[in-house]
Amino acid sequence: ELLVTQMSYQNPLEPMDNSEFIAQLAQFSALEQQQNIAAGIEMLALTQTAATNSQMVNLIGKRVIVEGDGFSLDGENGIEIQFELTEDKTVPPSELIITNSSGDVVREIELDSVKVGMNRIQFDGKDNDGNLLEKGNYTYTIKTTSNGKQVDDVTTYSNYLVDSVKFDGSSILLKSDETTIDLGDISEVLGN
């Protein structure tokens, strides 16, 4: 349209130079190609976002491991608790202390086989009286002492059951009960 308008208003006694005319045609052509490429990239980005979002829905019902000190129980089964002891000393006796969302201690377990490196403890999901704990999120601490002193070089990992996925603008958040998990913090996804 611009080209037709320009030609209709040009002075017939001084027509546009052929080389200038061809250069403008090339510019119009390049501009149109750039607009087409931009539209294609936008469509590609939308398609990629939709594919990523649909893949994240597959995480519902699976357990994810992130650095932290929490876990979720389904009220029927136990879970695996992971922690890493990084202090390179004689590994002392340790204790696993589990608290509910109110901060009450619900279980204390003496740990005999703690070692330097990654430790995996199978927790049966029961309280100190042997009753199954209710469905929900809990926290835990690892008390480890060496020669009577508390050892602080323990990295704990959370084990959450994903119950929903939240798409928040450009970020994707997983939810486990009231706990929100950033997709970028996940170190491991466990099958059912």
# chains A, B, ... in the order shown; residues from 1 in each chain; ligands from 1
call {"tool": "select_by_dssp", "arguments": {"residues": "region 18-166 of chain A", "states": "strand (DSSP E or B)", "output": "PyMOL selection string"}}
result
chain A and resi 63-67+70-73+79-85+94-99+105-111+117-123+126+132+136-146+149-150+154-161+164-166
call {"tool": "residues_around", "arguments": {"residues": "Gly169 (chain A)", "least_positions_apart": "4", "cutoff": "12 Å", "atoms": "only C-alpha atoms", "output": "PyMOL selection string"}}
result
chain A and resi 49+53+173
call {"tool": "residues_around", "arguments": {"residues": "region 110-125 of chain A", "least_positions_apart": "3", "cutoff": "12 Å", "atoms": "only C-alpha atoms", "output": "ChimeraX atom specification"}}
result
/A:71-100,106-107,128-138,140,142-145,151,153-159
call {"tool": "closest_residue", "arguments": {"among": "A:Gln24, A:Thr52, A:Thr141, A:Ser187", "to": "Phe167 (chain A)", "atoms": "only C-alpha atoms"}}
result
A:Thr52
call {"tool": "closest_residue", "arguments": {"among": "A:Glu67, A:Glu14, A:Glu108, A:Asp163", "to": "Glu188 (chain A)", "atoms": "only C-alpha atoms"}}
result
A:Glu67
